[in-house]
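Enquirer: The structure that follows is given in the form of C-alpha cells.
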Amino acid sequence: MVTENIIIHVKNLRKEFETVKRGHGFLAAVNSLFNPKKVKKKALKGISFDIKEGEIVGLLGPNGAGKSTCLKALSGLLWPDSGTVNILGYVPWKERVKYVKNIGVVFGQKTTLFWDLPAIDTYHLNKDLYEMDNKEYEQQVHMLIKKLNAKDIVKSPVRDLSLGERMRCEVIQSLLHKPKLVFLDEPTIGLDIISKEKLREFILDVNKKEKTTFIVTTHDMQDIEKLCKRVIIINHGTIVYDGLLEKIKKKFAKDKHLEVKLSEKAKPFKFKGCKVLNATDYELKLELDTRKAKVKDLIGYLMEHFDVADIIVSDPPIEEIIAEIFQKKGTTL
Amino acid sequence: MSFCQHKGMALAGFKIAIRYRWENIAQVLTNPISLIVYYFLWKAIYAYTGQEIIRGFTFPDLVHYYVLAMIVGFFTWSEVDKWIEYDVIHGKMTNALIRPFGFLYWYLSFETGISIYNLIVQTIPVFIIGFIFFNLQVQGLTVFLGFFASTTLAFFIYFGLAFLLGLAAFWMKRITGLRRVRRIIIGFLGGSFIPLTFFPNWLQQISHFLPFEYVRSVPILVYLERISIFNALATQLIWMIIIYLLIHIISKKAIKRYASVGL
C-alpha cells in the first residue's frame with residue numbers, strides 16, 4: 001500500500017446535532033419555551049475514506065445528506081463527536097490555526113471576502129494573515145487575476161459585484177496562498193455557461209500543474225463529469241458509494257437513450273424493454289432496458305419498420321443516474 | 001501570531017471604519033449635545049446649591065470630567081459583542097475560522113484598527129475642543145503618558161468584557177437585551193453618567209471590586225491627577241489578565257458549539 005501520498009484520512013466520523021422541535025402556532029411556541037423537546041439528528045453516522053494527493057473528488061448527496069457537515073469537519077469548522085481525521089498531518093479542529101494555512105475554501109453560498117471592501121483589500125489582508133512574502137504574493141495575485149479575467153472586478157466593493165463576479169473573486173482568494181488542498185462548495189453557482197466552462201478548465205489546470213487536491217460539492221452534474229474521476233456519494237449520513245464515476249455510469253447505465261429521426265410519420269409500435277419517452281410526428285425518444293433487449297436488435301427492428309433518417313444512441317444523463325442512487329436508501333453498490 | 005498578521009487585520013478594520021465615515025461624523029456631531037446638556041444641568045445645580053465643591057468636584061472640574069469621559073468613551077468603544085452575535089446567528093464565524101489566525105485576535109486586531117481611526121477623527125478633535133472651549137488643563141508628559149496607557153488598558157478591558165458577553169451568543173444566539181444591560185452598567189458603574197463619588201459609600205466600595213470603573217472612571221481620574229498612576233495601571237493590568245484568562249477558557253468551549261448554518 002502506498003501511504004505517503006494519502007493526504008486525507010477519515011475514519012468513523014460521527015456528528016450529532018441537537019435541535020429543538022416544535023409545532024406551529026402560539027401554544028406550541030409557549031410550550032416549547034417551558035418544555036423544549038430536544039431532537040437529536042444524526043448528521044454523520046460514521047464515514048470513512050482516504051484521498052490521495054492530486055485527486056479531484058466529487059462529494060455528492062441530496063439536500064441534508066450530511067455533505068456540508070462533512071465538509072465543515074474537514075475544514076476545521078466543526079468539532080465532530082467521534083472519529084479520526086488526519087489531513088496533511090493535522091487534526092483539523094484541534095490544530096485549526098496551523099491547519100487552515102494549508103487549505104483554501106470556496107463556499108458558494110456564503111462569501112468569505114469582506115463585504116464592504118474590494119476583494120483586492122481582502123487579498124492583501126490574506127497576504128499578511130498567511131504570512132506570504134511580497135514578491136510571492138504579487139506574482140500569485142497577478143497570475144490569478146489574469147487567468148480568471150478579474151482585473152476590474154477585484155477593485156470594487158464585494159457587495160457591488162454580481163454573483164458570478166463574486167465567485168471569481170472567491171476562487172482567487174482560495175488559491176492565493178498556494179494551498180495543497182482546496183474545498184469547493186458549489187463553486188459554479190451563479191455562473192453563466194462560458195464562465196463555468198472557464199472555471200472548470202482553470203481548476204483542472206491548477207490541479208495538473210500544482211498537484212493541488214480538490215474536493216468539490218455541487219448540484220451541477222456537469223461540474224462532476226468535467227472535473228472528477230472519483231465521487232463519494234453521501235446519503236442519510238453514510239457513504240453509499242465511493243469510487244470511479246465511470247463505474248457507476250456503467251453499473252447504472254443499463255438504460256440507453258435513443259433519439260430517432262424519421263422521414264415518415266411515426267406509427268405506434270411495441271418492442272420488448274423499450275419505452276417511448278417522447279414522440280412527435282417525425283421524432284421519437286426511446287429508452288431501452290439493455291437487460292431485456294440489445295440495442296442492435298432495437299435498431300434493426302426500427303430500420304425494418306420505419307423509414308429512419310437518423311439514430312443517436314446515448315447514455316442517460318448523469319443526473320438521472322445519481323438521482324437513482326439517492327433514492328436507494330443506504331444500499332451498498 | 002506575528003505582528004504582520006495583527007497589522008493586516010488592524011488595517012482592514014481601519015479601512016472599514018473609513019467606509020462608514022459618515023456614520024462616524026454623525027456621531028462626532030451629535031455627541032457634544034450630551035456634553036452641552038450636562039454643562040447646563042450642572043451649572044444650574046451649582047448655582048442653586050451655592051456650593052463651591054460638591055463631592056470633591058468644582059464646577060470646572062466636573063466639566064473637565066465629562067470632556068474626558070467623552071474622550072475615553074470614544075477611544076475604548078467596542079461593539080464586538082454585536083459582531084459575534086451577528087456572526088453566530090448568520091453563520092459568518094466561518095470567515096474567522098477558515099483563516100490562520102486566533103479567534104480572539106481576529107476581532108481584537110480588527111477593533112484596534114477601528115480604535116486608531118476613532119483616535120484620529122474623534123478623540124483628538126475632542127481634546128482640542130476641550131483645551132480651547134472648556135479650559136481643560138494641559139498636563140505634563142508623565143500624566144499624559146499615564147493617561148494614554150490607562151486609556152489603552154481601558155480599551156482592552158472594555159473589549160474583553162464585550163467579547164465575554166459576545167461569547168454568550170454561542171449558547172443563547174440572541175444577546176441584544178444583554179448587550180443593552182452591559183452598556184447601561186458600564187455607563188452607570190463605570191462613571192460615565194456621573195462621577196462615582198456621587199454614589200453612596202457602600203456602592204463605591206463594591207465598585208472597586210468590579211471591573212467597570214477601570215474602563216471609564218480610572219483613566220479620567222488619572223488625567224485629573226486624583227489617583228496614583230501606578231496603582232491605576234497595576235489594577236487595570238490585573239483585571240485585564242483575569243478577563244483574558246476567562247476568554248481563553250470560555251472561547252474554547254464556545255467554538256466547539258459552533259456549527260455554521262448552511263455553510
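Labeling convention for the C-alpha cells: chains A, B, ... as they appear, residues from 1 per chain, ligands from 1 in order of appearance.
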Neighbours of Leu176 of chain A within 8 Å (only C-alpha atoms; same-chain residues fewer than 6 positions away dropped), as a list in words?

Expert: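 Those residues are Tyr123, Tyr137, Gln140, Val141 and Leu144 of chain A.
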
Enquirer: Name the residues of segment 4-252 of chain B that come out as strand (DSSP E) in a backbone DSSP run; write them as a ChimeraX atom specification.

Expert: /B:53-54,57-58

Enquirer: For chain A, work out the contacting residues on chain B at 12 Å, counting only C-alpha atoms, and write them as an MDAnalysis selection string.

Expert: chainID B and resid 1:20 87 90:106 109:110 252:263

Enquirer: Please produce a file of those selected residues containing N, CA and C atoms, as a short mmCIF file (atom, residue, chain, number, x, y, z; two decimals), in the first residue's frame.

Expert:
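This went into out-v9.cif:
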```cif
data_model
loop_
_atom_site.label_atom_id
_atom_site.label_comp_id
_atom_site.auth_asym_id
_atom_site.auth_seq_id
_atom_site.Cartn_x
_atom_site.Cartn_y
_atom_site.Cartn_z
N MET B 1 1.46 33.82 16.00
CA MET B 1 0.89 35.16 15.74
C MET B 1 2.02 36.15 15.51
N SER B 2 2.07 36.65 14.34
CA SER B 2 3.13 37.62 14.10
C SER B 2 2.53 39.03 14.07
N PHE B 3 3.41 39.98 14.20
CA PHE B 3 2.97 41.37 14.17
C PHE B 3 2.29 41.70 12.84
N CYS B 4 2.86 41.09 11.79
CA CYS B 4 2.34 41.31 10.44
C CYS B 4 0.85 40.97 10.32
N GLN B 5 0.47 39.86 10.97
CA GLN B 5 -0.92 39.43 10.92
C GLN B 5 -1.83 40.45 11.61
N HIS B 6 -1.37 40.91 12.81
CA HIS B 6 -2.17 41.91 13.54
C HIS B 6 -2.30 43.18 12.74
N LYS B 7 -1.19 43.58 12.12
CA LYS B 7 -1.17 44.81 11.35
C LYS B 7 -2.17 44.71 10.19
N GLY B 8 -2.16 43.57 9.51
CA GLY B 8 -3.06 43.38 8.38
C GLY B 8 -4.51 43.49 8.79
N MET B 9 -4.83 42.85 9.92
CA MET B 9 -6.21 42.86 10.42
C MET B 9 -6.62 44.27 10.86
N ALA B 10 -5.69 44.96 11.57
CA ALA B 10 -6.00 46.32 12.02
C ALA B 10 -6.24 47.24 10.82
N LEU B 11 -5.45 47.01 9.78
CA LEU B 11 -5.61 47.82 8.58
C LEU B 11 -6.99 47.61 7.95
N ALA B 12 -7.44 46.35 7.96
CA ALA B 12 -8.78 46.05 7.43
C ALA B 12 -9.85 46.77 8.25
N GLY B 13 -9.69 46.75 9.58
CA GLY B 13 -10.63 47.45 10.46
C GLY B 13 -10.64 48.94 10.17
N PHE B 14 -9.44 49.48 9.98
CA PHE B 14 -9.30 50.91 9.68
C PHE B 14 -10.00 51.26 8.37
N LYS B 15 -9.80 50.40 7.36
CA LYS B 15 -10.42 50.64 6.05
C LYS B 15 -11.95 50.60 6.14
N ILE B 16 -12.45 49.67 6.93
CA ILE B 16 -13.91 49.57 7.05
C ILE B 16 -14.46 50.77 7.82
N ALA B 17 -13.71 51.21 8.84
CA ALA B 17 -14.13 52.40 9.57
C ALA B 17 -14.21 53.61 8.63
N ILE B 18 -13.26 53.70 7.70
CA ILE B 18 -13.29 54.80 6.74
C ILE B 18 -14.51 54.68 5.83
N ARG B 19 -14.83 53.45 5.44
CA ARG B 19 -16.01 53.21 4.60
C ARG B 19 -17.27 53.79 5.23
N TYR B 20 -17.33 53.66 6.58
CA TYR B 20 -18.52 54.13 7.29
C TYR B 20 -18.30 55.50 7.92
N ASP B 87 -22.36 37.23 13.78
CA ASP B 87 -21.62 36.14 13.13
C ASP B 87 -22.14 34.76 13.52
N HIS B 90 -25.76 34.35 11.86
CA HIS B 90 -25.73 34.22 10.41
C HIS B 90 -24.68 33.24 9.89
N GLY B 91 -24.03 32.53 10.82
CA GLY B 91 -23.02 31.56 10.40
C GLY B 91 -21.81 32.21 9.75
N LYS B 92 -21.52 33.45 10.13
CA LYS B 92 -20.42 34.18 9.49
C LYS B 92 -19.09 33.98 10.20
N MET B 93 -19.14 33.24 11.32
CA MET B 93 -17.91 32.99 12.05
C MET B 93 -16.92 32.23 11.16
N THR B 94 -17.49 31.55 10.17
CA THR B 94 -16.67 30.83 9.20
C THR B 94 -15.51 31.68 8.69
N ASN B 95 -15.79 32.95 8.41
CA ASN B 95 -14.76 33.87 7.91
C ASN B 95 -13.54 33.90 8.80
N ALA B 96 -13.78 33.94 10.12
CA ALA B 96 -12.67 33.99 11.06
C ALA B 96 -11.99 32.63 11.15
N LEU B 97 -12.82 31.59 11.15
CA LEU B 97 -12.28 30.26 11.46
C LEU B 97 -11.52 29.62 10.30
N ILE B 98 -11.77 30.06 9.08
CA ILE B 98 -11.02 29.45 7.98
C ILE B 98 -9.68 30.15 7.75
N ARG B 99 -9.41 31.18 8.53
CA ARG B 99 -8.12 31.87 8.35
C ARG B 99 -7.15 31.51 9.46
N PRO B 100 -5.87 31.47 9.14
CA PRO B 100 -4.88 31.01 10.12
C PRO B 100 -4.57 32.09 11.15
N PHE B 101 -5.55 32.36 12.00
CA PHE B 101 -5.40 33.44 12.95
C PHE B 101 -6.28 33.11 14.14
N GLY B 102 -5.79 33.41 15.36
CA GLY B 102 -6.57 33.10 16.55
C GLY B 102 -7.93 33.79 16.51
N PHE B 103 -8.92 33.11 17.07
CA PHE B 103 -10.30 33.58 17.05
C PHE B 103 -10.45 34.92 17.77
N LEU B 104 -9.82 35.05 18.94
CA LEU B 104 -9.89 36.31 19.69
C LEU B 104 -9.19 37.44 18.92
N TYR B 105 -8.02 37.12 18.37
CA TYR B 105 -7.23 38.17 17.71
C TYR B 105 -7.89 38.67 16.44
N TRP B 106 -8.66 37.80 15.80
CA TRP B 106 -9.39 38.20 14.60
C TRP B 106 -10.23 39.45 14.91
N SER B 109 -7.71 42.56 16.79
CA SER B 109 -6.88 43.37 15.90
C SER B 109 -7.74 44.24 15.01
N PHE B 110 -8.87 43.68 14.59
CA PHE B 110 -9.80 44.42 13.76
C PHE B 110 -10.30 45.67 14.50
N LYS B 252 -12.76 28.54 24.03
CA LYS B 252 -12.51 27.17 23.57
C LYS B 252 -13.80 26.36 23.58
N LYS B 253 -14.58 26.54 24.66
CA LYS B 253 -15.85 25.82 24.75
C LYS B 253 -16.84 26.34 23.73
N ALA B 254 -16.79 27.65 23.52
CA ALA B 254 -17.75 28.27 22.60
C ALA B 254 -17.56 27.75 21.18
N ILE B 255 -16.29 27.70 20.74
CA ILE B 255 -16.03 27.30 19.35
C ILE B 255 -16.48 25.86 19.11
N LYS B 256 -16.41 25.03 20.14
CA LYS B 256 -16.88 23.66 19.98
C LYS B 256 -18.37 23.61 19.68
N ARG B 257 -19.09 24.61 20.12
CA ARG B 257 -20.53 24.63 19.90
C ARG B 257 -20.89 25.20 18.53
N TYR B 258 -19.92 25.80 17.89
CA TYR B 258 -20.25 26.49 16.64
C TYR B 258 -20.52 25.50 15.51
N ALA B 259 -21.63 25.68 14.86
CA ALA B 259 -21.92 24.91 13.66
C ALA B 259 -22.48 25.91 12.66
N SER B 260 -21.66 26.30 11.74
CA SER B 260 -22.08 27.38 10.85
C SER B 260 -23.30 26.93 10.07
N VAL B 261 -24.35 27.72 10.14
CA VAL B 261 -25.59 27.34 9.48
C VAL B 261 -25.42 27.36 7.97
N GLY B 262 -25.90 26.31 7.35
CA GLY B 262 -25.94 26.27 5.89
C GLY B 262 -24.60 26.26 5.19
N LEU B 263 -23.58 26.57 5.88
CA LEU B 263 -22.21 26.71 5.39
C LEU B 263 -22.03 27.93 4.52
#
```

Enquirer: For a test of reading the model, state the distance in Å between atom CA of Leu227 of chain A and atom CA of Lys45 of chain A, rounded to one decimal.

Expert: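 Between atom CA of Leu227 of chain A and atom CA of Lys45 of chain A the gap is 27.6 Å.
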
Enquirer: Taking the backbone alone, and naming residues the way the document does, which bits of segment 52-183 of chain B are alpha helix (DSSP H) by DSSP, as a PyMOL selection string?

Expert: chain B and resi 59-76+80-89+94-97+103-118+124-133+141-167+169-172+176-183

Enquirer: From the list B:Leu196, B:Ala69, B:Ile184, B:Ile25, which residue is nearest Gly56 of chain B when using only C-alpha atoms?

Expert: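 Checking each candidate against Gly56 of chain B, we get B:Leu196 as the closest.
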
Enquirer: Do you know which residues are at most 8 Å from Ser150 of chain B counting only C-alpha atoms, after dropping those on the same chain fewer than 3 positions away, and could you put them as a list in words?

Expert: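 Listing them by chain and then by number gives Gly146, Phe147, Leu153, Ala154, Val218, Pro219, Val222, Ala232, Leu233 and Gln236 of chain B.
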
Enquirer: With all heavy atoms retained, could you export that selection as a compact mmCIF listing (two decimals), in the first residue's frame?

Expert:
```txt
# COMPACT_ATOMS: atom_id res chain seq x y z
N GLY B 146 0.64 58.57 31.26
CA GLY B 146 -0.13 57.72 32.18
C GLY B 146 -1.56 57.60 31.72
O GLY B 146 -2.15 56.51 31.71
N PHE B 147 -2.13 58.74 31.30
CA PHE B 147 -3.50 58.75 30.82
C PHE B 147 -3.63 57.89 29.56
O PHE B 147 -4.56 57.11 29.41
CB PHE B 147 -3.92 60.20 30.53
CG PHE B 147 -5.25 60.30 29.82
CD1 PHE B 147 -6.43 60.01 30.49
CD2 PHE B 147 -5.31 60.69 28.48
CE1 PHE B 147 -7.66 60.11 29.84
CE2 PHE B 147 -6.54 60.78 27.83
CZ PHE B 147 -7.71 60.49 28.51
N LEU B 153 -5.28 50.50 28.26
CA LEU B 153 -5.68 49.34 29.06
C LEU B 153 -7.20 49.28 29.17
O LEU B 153 -7.81 48.21 29.11
CB LEU B 153 -5.04 49.40 30.45
CG LEU B 153 -3.56 49.04 30.51
CD1 LEU B 153 -3.01 49.30 31.91
CD2 LEU B 153 -3.35 47.58 30.15
N ALA B 154 -7.81 50.46 29.31
CA ALA B 154 -9.28 50.53 29.39
C ALA B 154 -9.90 49.96 28.11
O ALA B 154 -10.89 49.24 28.16
CB ALA B 154 -9.74 51.96 29.60
N VAL B 218 -11.40 55.41 35.87
CA VAL B 218 -9.99 55.40 36.27
C VAL B 218 -9.10 56.23 35.33
O VAL B 218 -8.34 57.08 35.80
CB VAL B 218 -9.48 53.96 36.47
CG1 VAL B 218 -7.97 53.88 36.49
CG2 VAL B 218 -10.04 53.39 37.76
N PRO B 219 -9.18 56.05 34.00
CA PRO B 219 -8.33 56.89 33.14
C PRO B 219 -8.62 58.38 33.30
O PRO B 219 -7.70 59.20 33.28
CB PRO B 219 -8.69 56.43 31.72
CG PRO B 219 -9.38 55.15 31.84
CD PRO B 219 -9.94 55.06 33.21
N VAL B 222 -6.99 59.60 36.37
CA VAL B 222 -5.54 59.69 36.16
C VAL B 222 -5.21 61.05 35.54
O VAL B 222 -4.30 61.74 35.98
CB VAL B 222 -5.03 58.54 35.26
CG1 VAL B 222 -3.62 58.82 34.75
CG2 VAL B 222 -5.02 57.23 36.03
N ALA B 232 -3.36 52.76 39.47
CA ALA B 232 -4.38 52.63 38.43
C ALA B 232 -3.96 51.60 37.39
O ALA B 232 -4.70 50.67 37.08
CB ALA B 232 -4.63 53.99 37.76
N LEU B 233 -2.74 51.78 36.87
CA LEU B 233 -2.28 50.88 35.81
C LEU B 233 -2.15 49.45 36.31
O LEU B 233 -2.52 48.50 35.62
CB LEU B 233 -0.94 51.36 35.25
CG LEU B 233 -0.96 52.72 34.52
CD1 LEU B 233 0.42 53.04 33.97
CD2 LEU B 233 -1.99 52.73 33.41
N GLN B 236 -5.60 47.89 36.65
CA GLN B 236 -6.13 47.64 35.31
C GLN B 236 -5.49 46.40 34.68
O GLN B 236 -6.16 45.59 34.06
CB GLN B 236 -5.89 48.85 34.40
CG GLN B 236 -6.87 49.99 34.64
CD GLN B 236 -6.65 51.12 33.67
OE1 GLN B 236 -5.52 51.61 33.53
NE2 GLN B 236 -7.70 51.54 32.99
```

Enquirer: Atom CA of Pro157 of chain A and atom CA of Ala119 of chain A are how many Å apart?

Expert: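 Going from atom CA of Pro157 of chain A over to atom CA of Ala119 of chain A covers 6.7 Å.
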
Enquirer: If I take atom CA of Glu170 of chain A and atom CA of Tyr107 of chain B, how far is one from the other in Å, to one decimal?

Expert: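 Distance reported for this atom pair: 21.7 Å.
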
Enquirer: Select, from B:Ala149, B:Asn135, B:Gly73, B:Ile33, the residue with the minimum atom-to-atom distance to Phe230 of chain B, counting only C-alpha atoms.

Expert: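 Smallest separation from Phe230 of chain B among the options: B:Ala149.
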
Enquirer: Near Asn63 of chain A, within 10 Å and counting only C-alpha atoms, which residues show up once chain neighbours fewer than 5 positions away are dropped, as number ranges by chain?

Expert: A: 68, 219, 235-236

Enquirer: Next, dump the selected residues to file, keeping only C-alpha atoms, as an mmCIF file, in the first residue's frame.

Expert:
```
data_model
loop_
_atom_site.group_PDB
_atom_site.id
_atom_site.type_symbol
_atom_site.label_atom_id
_atom_site.label_comp_id
_atom_site.auth_asym_id
_atom_site.auth_seq_id
_atom_site.Cartn_x
_atom_site.Cartn_y
_atom_site.Cartn_z
ATOM 1 C CA SER A 68 -21.930 20.038 4.313
ATOM 2 C CA HIS A 219 -25.521 20.127 -7.697
ATOM 3 C CA ASN A 235 -26.923 9.873 1.839
ATOM 4 C CA HIS A 236 -28.544 9.806 5.277
#
```

Enquirer: For Pro36 of chain A, please output as JSON, numbers by chain all residues within 9 Å (counting only C-alpha atoms; exclusion window: fewer than 5 positions along the same chain).

Expert: {"A": [20, 21, 22, 31]}

Enquirer: The selected residues should be written to file as a PDB file, in the first residue's frame (atoms: N, CA and C atoms).

Expert:
```pdb
ATOM      1  N   VAL A  20     -34.212  21.967  18.798  1.00  0.00           N
ATOM      2  CA  VAL A  20     -35.489  21.977  19.493  1.00  0.00           C
ATOM      3  C   VAL A  20     -36.588  21.910  18.447  1.00  0.00           C
ATOM      4  N   LYS A  21     -37.430  20.925  18.624  1.00  0.00           N
ATOM      5  CA  LYS A  21     -38.504  20.753  17.653  1.00  0.00           C
ATOM      6  C   LYS A  21     -39.790  21.289  18.258  1.00  0.00           C
ATOM      7  N   ARG A  22     -40.521  22.015  17.468  1.00  0.00           N
ATOM      8  CA  ARG A  22     -41.811  22.469  17.974  1.00  0.00           C
ATOM      9  C   ARG A  22     -42.798  22.580  16.835  1.00  0.00           C
ATOM     10  N   ASN A  31     -45.339  26.389  24.693  1.00  0.00           N
ATOM     11  CA  ASN A  31     -44.997  25.087  25.248  1.00  0.00           C
ATOM     12  C   ASN A  31     -43.500  24.799  25.106  1.00  0.00           C
TER      13      ASN A  31
END
```
